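**Q** As input, take upload.txt (compact mmCIF, C-alpha atoms and all ligand atoms):
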# COMPACT_ATOMS: atom_id res chain seq x y z
CA MET A 1 18.03 11.80 3.07
CA LYS A 2 17.13 14.66 5.39
CA THR A 3 17.71 14.23 9.10
CA VAL A 4 16.81 16.21 12.21
CA THR A 5 18.04 15.74 15.74
CA ILE A 6 15.54 16.00 18.58
CA ASP A 7 16.71 15.60 22.20
CA GLY A 8 19.91 13.98 20.94
CA VAL A 9 18.10 11.43 18.75
CA THR A 10 18.65 11.64 14.99
CA LEU A 11 15.56 11.04 12.88
CA HIS A 12 15.63 10.26 9.16
CA LEU A 13 12.72 11.99 7.47
CA SER A 14 10.33 10.67 4.83
CA HIS A 15 10.04 12.22 1.37
CA PRO A 16 7.06 14.38 0.48
CA GLN A 17 4.79 13.17 -2.32
CA GLU A 18 4.99 14.84 -5.72
CA LEU A 19 1.85 13.85 -7.58
CA PRO A 20 0.29 15.39 -10.69
CA LEU A 21 -3.13 15.62 -9.05
CA ASN A 22 -5.49 18.54 -9.56
CA TRP A 23 -8.94 18.85 -8.06
CA VAL A 24 -11.63 19.63 -10.61
CA GLY A 25 -15.19 20.78 -9.89
CA GLN A 26 -17.00 20.33 -6.53
CA GLN A 27 -15.40 23.54 -5.29
CA GLU A 28 -17.45 23.53 -2.08
CA LEU A 29 -15.62 20.39 -0.92
CA MET A 30 -12.26 22.12 -1.37
CA ASP A 31 -13.63 25.17 0.47
CA GLN A 32 -14.73 22.98 3.39
CA MET A 33 -11.29 21.37 3.59
CA LEU A 34 -9.45 24.68 3.61
CA ALA A 35 -11.87 26.20 6.13
CA ALA A 36 -11.30 23.28 8.51
CA TRP A 37 -7.54 23.88 8.36
CA LEU A 38 -7.75 27.63 8.84
CA VAL A 39 -6.37 29.15 12.04
CA VAL A 40 -8.05 32.47 12.83
CA ASP A 41 -6.35 33.50 16.10
CA ASP A 42 -3.31 32.74 18.27
CA GLU A 43 -5.62 30.77 20.54
CA ASP A 44 -7.17 28.85 17.65
CA LEU A 45 -6.25 25.37 16.40
CA PRO A 46 -6.79 23.70 13.02
CA LEU A 47 -9.34 20.90 12.73
CA ASN A 48 -8.56 17.42 11.37
CA PRO A 49 -11.14 16.75 8.69
CA ARG A 50 -12.28 13.26 7.74
CA LEU A 51 -13.08 12.65 4.08
CA ILE A 52 -15.68 9.97 3.57
CA GLY A 53 -16.98 8.36 0.40
CA LYS A 54 -16.97 5.27 -1.78
CA PRO A 55 -13.68 3.96 -3.15
CA GLY A 56 -12.76 5.98 -6.23
CA VAL A 57 -14.80 9.15 -5.62
CA GLY A 58 -11.70 11.32 -5.17
CA LYS A 59 -10.86 11.35 -1.44
CA THR A 60 -7.10 11.00 -1.78
CA THR A 61 -7.09 13.46 -4.68
CA LEU A 62 -8.97 16.10 -2.68
CA ALA A 63 -6.76 15.65 0.38
CA TYR A 64 -3.60 15.96 -1.71
CA ALA A 65 -4.82 18.90 -3.79
CA ALA A 66 -5.92 20.77 -0.64
CA GLY A 67 -2.46 20.30 0.88
CA ARG A 68 -0.81 21.61 -2.25
CA ARG A 69 -3.26 24.52 -2.31
CA LEU A 70 -1.77 25.58 1.03
CA GLY A 71 1.65 25.45 -0.60
CA ARG A 72 2.87 22.86 1.91
CA GLU A 73 4.73 19.61 1.51
CA VAL A 74 2.26 16.72 1.51
CA TYR A 75 3.01 13.34 3.10
CA ILE A 76 0.76 10.32 2.64
CA PHE A 77 0.56 7.43 5.06
CA GLN A 78 -1.32 4.42 3.67
CA ALA A 79 -3.07 2.73 6.59
CA THR A 80 -3.56 -1.04 6.51
CA VAL A 81 -4.80 -3.79 8.82
CA ASP A 82 -1.18 -4.42 9.80
CA THR A 83 -0.28 -0.84 10.68
CA ARG A 84 1.31 -0.74 14.13
CA PRO A 85 1.86 2.45 16.17
CA GLU A 86 5.59 2.39 15.39
CA ASP A 87 4.89 2.14 11.64
CA LEU A 88 2.75 5.21 11.99
CA LEU A 89 5.29 7.19 14.01
CA ILE A 90 8.96 6.16 14.10
CA THR A 91 10.44 2.81 12.97
CA PRO A 92 13.86 1.55 14.05
CA VAL A 93 16.01 -0.04 11.33
CA ILE A 94 19.53 -1.48 11.45
CA SER A 95 22.01 0.56 9.41
CA ASP A 96 24.99 -0.82 7.42
CA GLN A 97 27.20 -0.15 10.42
CA GLY A 98 24.90 -2.24 12.59
CA ARG A 99 23.58 0.77 14.47
CA ILE A 100 19.93 1.56 15.02
CA GLN A 101 18.54 4.30 12.81
CA TYR A 102 15.21 5.92 13.45
CA MET A 103 12.99 6.49 10.44
CA ALA A 104 10.27 9.11 10.89
CA GLY A 105 7.13 8.11 9.01
CA PRO A 106 5.07 10.48 6.88
CA VAL A 107 3.01 11.80 9.81
CA VAL A 108 5.98 12.60 12.05
CA THR A 109 7.90 14.09 9.11
CA ALA A 110 4.95 16.37 8.30
CA MET A 111 4.74 17.33 12.00
CA ILE A 112 8.42 18.31 12.04
CA ARG A 113 8.45 20.09 8.65
CA GLY A 114 5.13 21.90 9.03
CA GLY A 115 3.64 19.89 6.19
CA VAL A 116 0.32 18.20 5.56
CA ALA A 117 -0.23 14.56 6.56
CA ILE A 118 -2.83 12.43 4.81
CA LEU A 119 -3.83 9.34 6.76
CA ASP A 120 -5.17 7.44 3.81
CA GLU A 121 -7.86 4.82 4.29
CA GLY A 122 -7.65 5.33 8.03
CA ASN A 123 -10.52 2.98 8.77
CA ARG A 124 -8.30 0.02 7.93
CA MET A 125 -6.11 0.71 10.95
CA SER A 126 -6.64 -0.69 14.44
CA GLU A 127 -7.68 1.23 17.54
CA LYS A 128 -4.20 0.73 18.98
CA SER A 129 -2.63 2.66 16.14
CA TRP A 130 -5.26 5.37 16.31
CA ALA A 131 -4.68 5.67 20.05
CA SER A 132 -1.06 6.64 19.44
CA LEU A 133 -2.37 9.68 17.51
CA ALA A 134 -4.94 10.80 20.10
CA PRO A 135 -2.76 13.58 21.62
CA LEU A 136 -1.85 14.81 18.15
CA LEU A 137 -5.49 15.21 17.21
CA ASP A 138 -6.50 17.44 20.12
CA ASN A 139 -5.06 20.63 21.60
CA ARG A 140 -1.90 18.84 22.77
CA ARG A 141 -0.61 18.43 19.20
CA TYR A 142 2.19 15.99 20.02
CA VAL A 143 2.99 12.31 19.65
CA GLU A 144 5.08 10.06 21.83
CA SER A 145 7.32 7.49 20.18
CA LEU A 146 8.05 4.69 22.62
CA VAL A 147 10.57 3.18 20.20
CA ALA A 148 12.72 6.31 19.99
CA GLY A 149 11.87 7.54 23.48
CA LEU A 150 10.80 10.90 22.09
CA LYS A 151 7.97 13.34 22.47
CA ILE A 152 7.50 15.27 19.25
CA LYS A 153 5.53 18.49 19.01
CA ALA A 154 3.74 19.43 15.80
CA HIS A 155 4.94 22.54 13.93
CA PRO A 156 2.18 25.21 13.94
CA ASP A 157 1.79 24.77 10.16
CA PHE A 158 1.17 21.03 10.49
CA ARG A 159 -2.21 19.89 9.14
CA LEU A 160 -3.81 16.46 9.10
CA VAL A 161 -6.63 14.89 7.12
CA ALA A 162 -7.90 11.30 7.25
CA THR A 163 -9.70 9.57 4.41
CA MET A 164 -12.08 6.68 4.97
CA ASN A 165 -14.02 4.46 2.59
CA ASP A 166 -17.63 4.37 3.67
CA ASP A 167 -18.04 0.69 2.93
CA ALA A 168 -14.99 -1.19 4.17
CA SER A 169 -14.11 -0.56 7.80
CA THR A 170 -11.74 -3.22 9.05
CA PHE A 171 -12.01 -2.07 12.65
CA GLU A 172 -14.59 -0.12 14.57
CA ILE A 173 -12.91 3.22 15.20
CA PRO A 174 -13.69 4.34 18.75
CA GLU A 175 -15.78 7.40 19.50
CA TYR A 176 -12.93 9.35 21.12
CA ILE A 177 -11.05 9.17 17.81
CA HIS A 178 -14.06 9.97 15.67
CA SER A 179 -14.71 13.03 17.79
CA ARG A 180 -11.17 14.24 17.06
CA LEU A 181 -11.55 13.76 13.29
CA GLN A 182 -13.98 16.53 12.47
CA PRO A 183 -15.58 17.91 10.39
CA GLN A 184 -16.74 15.04 8.22
CA ILE A 185 -16.65 15.92 4.55
CA LEU A 186 -18.74 13.60 2.44
CA ILE A 187 -17.71 13.17 -1.18
CA ASP A 188 -20.60 12.16 -3.36
CA PHE A 189 -20.86 11.50 -7.09
CA PRO A 190 -20.27 14.60 -9.24
CA GLU A 191 -22.73 16.15 -11.69
CA ALA A 192 -22.36 15.29 -15.39
CA ASP A 193 -20.44 18.50 -16.17
CA GLU A 194 -17.98 17.95 -13.36
CA GLU A 195 -17.57 14.29 -14.20
CA ARG A 196 -16.76 15.26 -17.80
CA GLN A 197 -14.14 17.75 -16.54
CA ILE A 198 -12.60 15.15 -14.24
CA LEU A 199 -12.34 12.62 -17.07
CA LYS A 200 -10.75 15.23 -19.34
CA GLN A 201 -8.32 16.26 -16.62
CA ASN A 202 -7.20 12.66 -16.12
CA LEU A 203 -7.31 11.59 -19.79
CA PRO A 204 -6.43 14.72 -21.81
CA PHE A 205 -5.56 12.54 -24.82
CA ALA A 206 -8.95 10.80 -24.98
CA ASP A 207 -11.44 11.20 -27.80
CA GLU A 208 -14.49 13.38 -26.95
CA ALA A 209 -17.01 10.85 -28.22
CA LEU A 210 -15.55 8.12 -26.04
CA LEU A 211 -15.62 10.35 -22.95
CA GLU A 212 -19.27 11.24 -23.62
CA TYR A 213 -20.18 7.56 -23.48
CA VAL A 214 -18.34 7.24 -20.19
CA VAL A 215 -20.07 10.30 -18.71
CA ALA A 216 -23.48 8.95 -19.77
CA PHE A 217 -22.58 5.54 -18.32
CA LEU A 218 -21.50 6.98 -14.97
CA GLN A 219 -24.43 9.35 -14.62
CA LEU A 220 -26.94 6.60 -15.32
CA ALA A 221 -25.19 4.26 -12.90
CA HIS A 222 -25.21 6.99 -10.20
CA ARG A 223 -28.95 7.54 -10.69
CA ARG A 224 -29.56 3.82 -10.29
CA GLY A 225 -27.58 3.72 -7.05
CA GLU A 226 -24.66 1.71 -8.46
CA ARG A 227 -21.30 2.08 -6.78
CA TYR A 228 -19.29 2.75 -9.96
CA THR A 229 -17.15 5.84 -9.55
CA VAL A 230 -15.12 8.15 -11.74
CA ARG A 231 -12.12 5.88 -11.09
CA ASP A 232 -14.02 3.05 -12.81
CA GLY A 233 -14.85 5.43 -15.64
CA ILE A 234 -11.20 6.45 -16.01
CA ASN A 235 -10.07 2.80 -16.02
CA MET A 236 -12.70 1.82 -18.60
CA ALA A 237 -11.81 4.71 -20.88
CA ARG A 238 -8.08 4.04 -20.50
CA TYR A 239 -8.43 0.38 -21.41
CA ALA A 240 -10.75 1.15 -24.35
CA ILE A 241 -8.20 3.64 -25.69
CA LYS A 242 -5.42 1.05 -25.37
CA MET A 243 -7.43 -1.63 -27.20
CA LEU A 244 -8.15 0.82 -30.01
CA ALA A 245 -4.47 1.74 -30.26
CA ALA A 246 -3.48 -1.94 -30.24
CA ASP A 247 -5.90 -2.66 -33.11
CA GLN A 248 -4.50 0.28 -35.07
CA THR A 249 -0.94 -0.93 -34.51
CA ARG A 250 -1.86 -4.37 -35.78
CA GLY A 251 -3.42 -2.81 -38.86
CA ALA A 252 -6.88 -4.12 -37.91
CA THR A 253 -9.90 -1.99 -38.82
CA PRO A 254 -10.74 -0.01 -35.68
CA LYS A 255 -14.21 -0.44 -34.21
CA GLY A 256 -16.38 2.33 -32.74
CA PRO A 257 -15.65 3.66 -29.21
CA LEU A 258 -18.72 1.98 -27.75
CA GLU A 259 -17.52 -1.48 -28.74
CA TYR A 260 -14.21 -0.97 -26.98
CA LEU A 261 -15.98 0.44 -23.95
CA VAL A 262 -18.26 -2.57 -23.73
CA ARG A 263 -15.25 -4.87 -23.69
CA ALA A 264 -13.47 -2.68 -21.18
CA ALA A 265 -16.53 -2.53 -18.92
CA LEU A 266 -16.95 -6.29 -19.05
CA GLN A 267 -13.36 -6.94 -18.02
CA ILE A 268 -13.11 -4.18 -15.45
CA LEU A 269 -16.57 -4.11 -13.88
CA GLY A 270 -18.22 -7.30 -15.06
CA GLN A 271 -21.42 -8.23 -16.84
CA ASP A 272 -23.70 -6.17 -14.58
CA ALA A 273 -22.17 -2.91 -15.79
CA LEU A 274 -23.10 -3.47 -19.43
CA VAL A 275 -26.74 -2.40 -19.11
CA TYR A 276 -25.64 1.16 -18.36
CA LEU A 277 -23.65 1.31 -21.58
CA ARG A 278 -26.34 -0.24 -23.75
CA GLU A 279 -29.14 2.12 -22.69
N1 LIG A 301 -12.65 16.13 -8.50
C1 LIG A 301 -11.66 15.46 -9.10
N2 LIG A 301 -10.71 16.10 -9.80
C2 LIG A 301 -9.73 15.42 -10.43
N3 LIG A 301 -9.59 14.09 -10.42
C3 LIG A 301 -10.51 13.39 -9.73
C4 LIG A 301 -11.57 14.01 -9.04
N4 LIG A 301 -12.33 13.06 -8.44
C5 LIG A 301 -11.76 11.90 -8.75
N5 LIG A 301 -10.66 12.07 -9.55
C6 LIG A 301 -9.82 11.01 -10.13
O1 LIG A 301 -10.48 9.78 -9.86
C7 LIG A 301 -9.57 8.77 -9.49
C8 LIG A 301 -9.91 8.23 -8.13
O2 LIG A 301 -9.67 9.25 -7.16
P1 LIG A 301 -9.04 8.90 -5.72
O3 LIG A 301 -8.74 10.21 -5.08
O4 LIG A 301 -7.94 7.92 -5.88
O5 LIG A 301 -10.31 8.23 -5.03
P2 LIG A 301 -10.45 7.62 -3.55
O6 LIG A 301 -9.27 8.07 -2.76
O7 LIG A 301 -11.75 8.18 -3.05
O8 LIG A 301 -10.53 6.14 -3.71
C9 LIG A 301 -8.18 9.41 -9.57
O9 LIG A 301 -7.62 9.08 -10.82
C10 LIG A 301 -8.45 10.90 -9.49
O10 LIG A 301 -7.47 11.61 -10.19
MG MG A 302 -7.82 6.86 -1.96
Re-express the file's structure as structure tokens.

**A**
Amino acid sequence: MKTVTIDGVTLHLSHPQELPLNWVGQQELMDQMLAAWLVVDDEDLPLNPRLIGKPGVGKTTLAYAAGRRLGREVYIFQATVDTRPEDLLITPVISDQGRIQYMAGPVVTAMIRGGVAILDEGNRMSEKSWASLAPLLDNRRYVESLVAGLKIKAHPDFRLVATMNDDASTFEIPEYIHSRLQPQILIDFPEADEERQILKQNLPFADEALLEYVVAFLQLAHRRGERYTVRDGINMARYAIKMLAADQTRGATPKGPLEYLVRAALQILGQDALVYLRE
């Protein structure tokens, strides 16, 4: 495990994420992300964009892919209701020798290494935790860890992005934090072409005919204002493909793709989803 020593305190760093995620389509969203992170002058500072959208529209994927596009290490912190400021920054743990070791979380590790930090599902986290990031999110660009007694400055290459589901805020995030998480980048449902590409990217082994049903299903659901996202489409297709393979293994006569999709939709999304497959 990598360590760094700051003001005589040794910090153990987190590991960057290595994920096989590629962003497909909706190029303007990627452009907005990269523009927000650009620094155009010595006096300039990067912005901290906030990605907003329904669960499953691709927020985490976009944040990760944008970080990789910069060629930086990407660190993801998953925010929850229980996240405390020390979880976010530096956590003390007892080592084998009974000494205290300080573990730098993903955000602090990214700050030290000049990487990208994704604060995932940030709206689940309390104001108290957000408050510990306030100086990081403005022109001060540092955090203070009370636990380790350290003030840590962000590397100039450090970038931050927060993702937030637009339907499930656990806490009301205060205005002074919102104003530091700008611009807002809204991820909406993709067009049919893009949705087809996304499905192919995620399920390269899937049958074309099956994917066409899923695209038609999703597009119809989007037009009717349903909340089903490409993640639901991927899950449905994946399960349908597995049921088909299981039937083949058992030597049963395989059914058509639509029949498997109907069963998958019923179990994954419930009865209400079936109308969009039947039409
Ligand atoms: N534009 C896209 N390109 C590639 N994959 C995508 C895209 N949009 C969504 N996905 C896929 O959809 C699924 C859900 O995306 P995710 O980023 O986890 O959504 P969110 O974070 O908004 O809940 C993932 O499997 C992801 O790979
Ligand atoms: Mg996510």

**Q** Which residues are near ligand LIG 301 (chain A) in this structure, taking near to mean any atom at most 7 Å from a ligand atom and counting only C-alpha atoms and all ligand atoms? Format them as an mmCIF file with C-alpha atoms, in the coordinates of the input.

**A**
data_model
loop_
_atom_site.group_PDB
_atom_site.id
_atom_site.type_symbol
_atom_site.label_atom_id
_atom_site.label_comp_id
_atom_site.auth_asym_id
_atom_site.auth_seq_id
_atom_site.Cartn_x
_atom_site.Cartn_y
_atom_site.Cartn_z
ATOM 1 C CA LEU A 21 -3.130 15.620 -9.050
ATOM 2 C CA ASN A 22 -5.490 18.540 -9.560
ATOM 3 C CA TRP A 23 -8.940 18.850 -8.060
ATOM 4 C CA VAL A 24 -11.630 19.630 -10.610
ATOM 5 C CA GLY A 25 -15.190 20.780 -9.890
ATOM 6 C CA GLN A 26 -17.000 20.330 -6.530
ATOM 7 C CA GLY A 53 -16.980 8.360 0.400
ATOM 8 C CA LYS A 54 -16.970 5.270 -1.780
ATOM 9 C CA PRO A 55 -13.680 3.960 -3.150
ATOM 10 C CA GLY A 56 -12.760 5.980 -6.230
ATOM 11 C CA VAL A 57 -14.800 9.150 -5.620
ATOM 12 C CA GLY A 58 -11.700 11.320 -5.170
ATOM 13 C CA LYS A 59 -10.860 11.350 -1.440
ATOM 14 C CA THR A 60 -7.100 11.000 -1.780
ATOM 15 C CA THR A 61 -7.090 13.460 -4.680
ATOM 16 C CA LEU A 62 -8.970 16.100 -2.680
ATOM 17 C CA ILE A 198 -12.600 15.150 -14.240
ATOM 18 C CA GLN A 201 -8.320 16.260 -16.620
ATOM 19 C CA ASN A 202 -7.200 12.660 -16.120
ATOM 20 C CA VAL A 230 -15.120 8.150 -11.740
ATOM 21 C CA ARG A 231 -12.120 5.880 -11.090
ATOM 22 C CA ILE A 234 -11.200 6.450 -16.010
#

**Q** What is the distance between CA of Asn48 (chain A) and CA of Val147 (chain A), in Å to one decimal?

**A**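 Atom-to-atom, CA of Asn48 (chain A) and CA of Val147 (chain A) are spaced 25.4 Å apart.
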
**Q** Give me, as a count of residues only, all polymer residues having an atom no more than 6 Å from Asp120 (chain A), counting only C-alpha atoms and skipping those fewer than 4 positions away in the same chain.

**A** 5

**Q** Tell me which protein, DNA and RNA residues are within 12 Å of Ser179 (chain A), counting only C-alpha atoms, leaving out same-chain ones fewer than 5 positions away, and put them as a PyMOL selection string.

**A** chain A and resi 47-50+134+137-138+173-174+184

**Q** Can those selected residues be exported to a file as a JSON list (two decimals), in the frame of the given file so that it contains C-alpha atoms?

**A**
[["chain", "number", "residue", "atom", "x", "y", "z"],
["A", 47, "LEU", "CA", -9.34, 20.90, 12.73],
["A", 48, "ASN", "CA", -8.56, 17.42, 11.37],
["A", 49, "PRO", "CA", -11.14, 16.75, 8.69],
["A", 50, "ARG", "CA", -12.28, 13.26, 7.74],
["A", 134, "ALA", "CA", -4.94, 10.80, 20.10],
["A", 137, "LEU", "CA", -5.49, 15.21, 17.21],
["A", 138, "ASP", "CA", -6.50, 17.44, 20.12],
["A", 173, "ILE", "CA", -12.91, 3.22, 15.20],
["A", 174, "PRO", "CA", -13.69, 4.34, 18.75],
["A", 184, "GLN", "CA", -16.74, 15.04, 8.22]]

**Q** Pick out the residues sitting within 9 Å of Met33 (chain A), and hand them over as a count of residues only; count only C-alpha atoms, and ignore anything fewer than 6 positions along from it in its own chain.

**A** 8

**Q** Which is closest to Pro85 (chain A) among A:Ser126, A:Thr10, A:Thr249, A:Gln17, if we use all atoms listed in the file?

**A**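 Ranking A:Ser126, A:Thr10, A:Thr249, A:Gln17 by distance to Pro85 (chain A), first place goes to A:Ser126.
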
**Q** From the options A:Ile187, A:Leu277, A:Ala192, A:Leu146, which residue's atoms come nearest to ligand MG 302 (chain A), counting all atoms listed in the file?

**A** A:Ile187

**Q** Report the distance between CA of Ser95 (chain A) and CA of Leu19 (chain A) in Å, rounded to one decimal place.

**A**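 Between CA of Ser95 (chain A) and CA of Leu19 (chain A) the gap works out to 29.5 Å.
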
**Q** Pick out the residues sitting within 12 Å of Ala206 (chain A), and hand them over as a ChimeraX atom specification; count all atoms listed in the file, and ignore anything fewer than 3 positions along from it in its own chain.

**A** /A:196,199-203,209-214,234,236-242,244-245,257

**Q** Considering only C-alpha atoms, state which residue in the set A:Ile118, A:Ala35, A:Ala65, A:Val74 is at the smallest distance from Leu88 (chain A).

**A**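 Among A:Ile118, A:Ala35, A:Ala65, A:Val74, it is A:Ile118 that comes nearest to Leu88 (chain A).
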
**Q** Using only C-alpha atoms, can you tell me which of A:Leu261, A:Val116, A:Met103, A:Val93 comes closest to His155 (chain A)?

**A**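 Of all the options, A:Val116 lies closest to His155 (chain A).
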
**Q** Please rebuild region 248-257 of chain A with all heavy atoms and return the result as a tab-separated table (two decimals), in the frame of the given file.

**A**
chain	number	residue	atom	x	y	z
A	248	GLN	N	-5.10	-0.57	-34.03
A	248	GLN	CA	-4.50	0.28	-35.07
A	248	GLN	C	-3.07	-0.17	-35.38
A	248	GLN	O	-2.67	-0.23	-36.53
A	248	GLN	CB	-4.53	1.76	-34.65
A	248	GLN	CG	-5.92	2.36	-34.82
A	248	GLN	CD	-6.05	3.72	-34.15
A	248	GLN	OE1	-5.32	4.04	-33.21
A	248	GLN	NE2	-6.99	4.52	-34.63
A	249	THR	N	-2.32	-0.49	-34.33
A	249	THR	CA	-0.94	-0.93	-34.51
A	249	THR	C	-0.87	-2.22	-35.33
A	249	THR	O	0.02	-2.41	-36.15
A	249	THR	CB	-0.26	-1.16	-33.14
A	249	THR	OG1	-0.55	-0.04	-32.32
A	249	THR	CG2	1.24	-1.33	-33.27
A	250	ARG	N	-1.83	-3.09	-35.06
A	250	ARG	CA	-1.86	-4.37	-35.78
A	250	ARG	C	-2.37	-4.22	-37.22
A	250	ARG	O	-2.39	-5.19	-37.97
A	250	ARG	CB	-2.77	-5.37	-35.06
A	250	ARG	CG	-2.17	-5.96	-33.81
A	250	ARG	CD	-2.98	-7.16	-33.31
A	250	ARG	NE	-4.32	-6.77	-32.86
A	250	ARG	CZ	-5.45	-7.14	-33.44
A	250	ARG	NH1	-5.42	-7.91	-34.50
A	250	ARG	NH2	-6.61	-6.74	-32.97
A	251	GLY	N	-2.87	-3.03	-37.53
A	251	GLY	CA	-3.42	-2.81	-38.86
A	251	GLY	C	-4.84	-3.32	-39.00
A	251	GLY	O	-5.38	-3.40	-40.10
A	252	ALA	N	-5.49	-3.67	-37.87
A	252	ALA	CA	-6.88	-4.12	-37.91
A	252	ALA	C	-7.80	-2.91	-38.07
A	252	ALA	O	-7.45	-1.82	-37.63
A	252	ALA	CB	-7.22	-4.88	-36.63
A	253	THR	N	-8.96	-3.10	-38.67
A	253	THR	CA	-9.90	-1.99	-38.82
A	253	THR	C	-10.44	-1.63	-37.44
A	253	THR	O	-11.01	-2.49	-36.75
A	253	THR	CB	-11.09	-2.41	-39.71
A	253	THR	OG1	-10.57	-3.16	-40.81
A	253	THR	CG2	-11.88	-1.21	-40.18
A	254	PRO	N	-10.26	-0.37	-37.02
A	254	PRO	CA	-10.74	-0.01	-35.68
A	254	PRO	C	-12.26	-0.04	-35.59
A	254	PRO	O	-12.95	0.27	-36.56
A	254	PRO	CB	-10.19	1.41	-35.47
A	254	PRO	CG	-9.60	1.85	-36.74
A	254	PRO	CD	-9.62	0.74	-37.73
A	255	LYS	N	-12.76	-0.43	-34.44
A	255	LYS	CA	-14.21	-0.44	-34.21
A	255	LYS	C	-14.61	0.91	-33.61
A	255	LYS	O	-13.76	1.76	-33.34
A	255	LYS	CB	-14.56	-1.58	-33.25
A	255	LYS	CG	-14.13	-2.95	-33.74
A	255	LYS	CD	-14.44	-3.99	-32.67
A	255	LYS	CE	-13.69	-5.29	-32.84
A	255	LYS	NZ	-12.22	-5.17	-32.82
A	256	GLY	N	-15.91	1.09	-33.37
A	256	GLY	CA	-16.38	2.33	-32.74
A	256	GLY	C	-16.04	2.35	-31.26
A	256	GLY	O	-15.79	1.29	-30.67
A	257	PRO	N	-16.04	3.54	-30.63
A	257	PRO	CA	-15.65	3.66	-29.21
A	257	PRO	C	-16.52	2.81	-28.29
A	257	PRO	O	-16.03	2.24	-27.30
A	257	PRO	CB	-15.80	5.15	-28.91
A	257	PRO	CG	-16.53	5.76	-30.05
A	257	PRO	CD	-16.35	4.85	-31.23
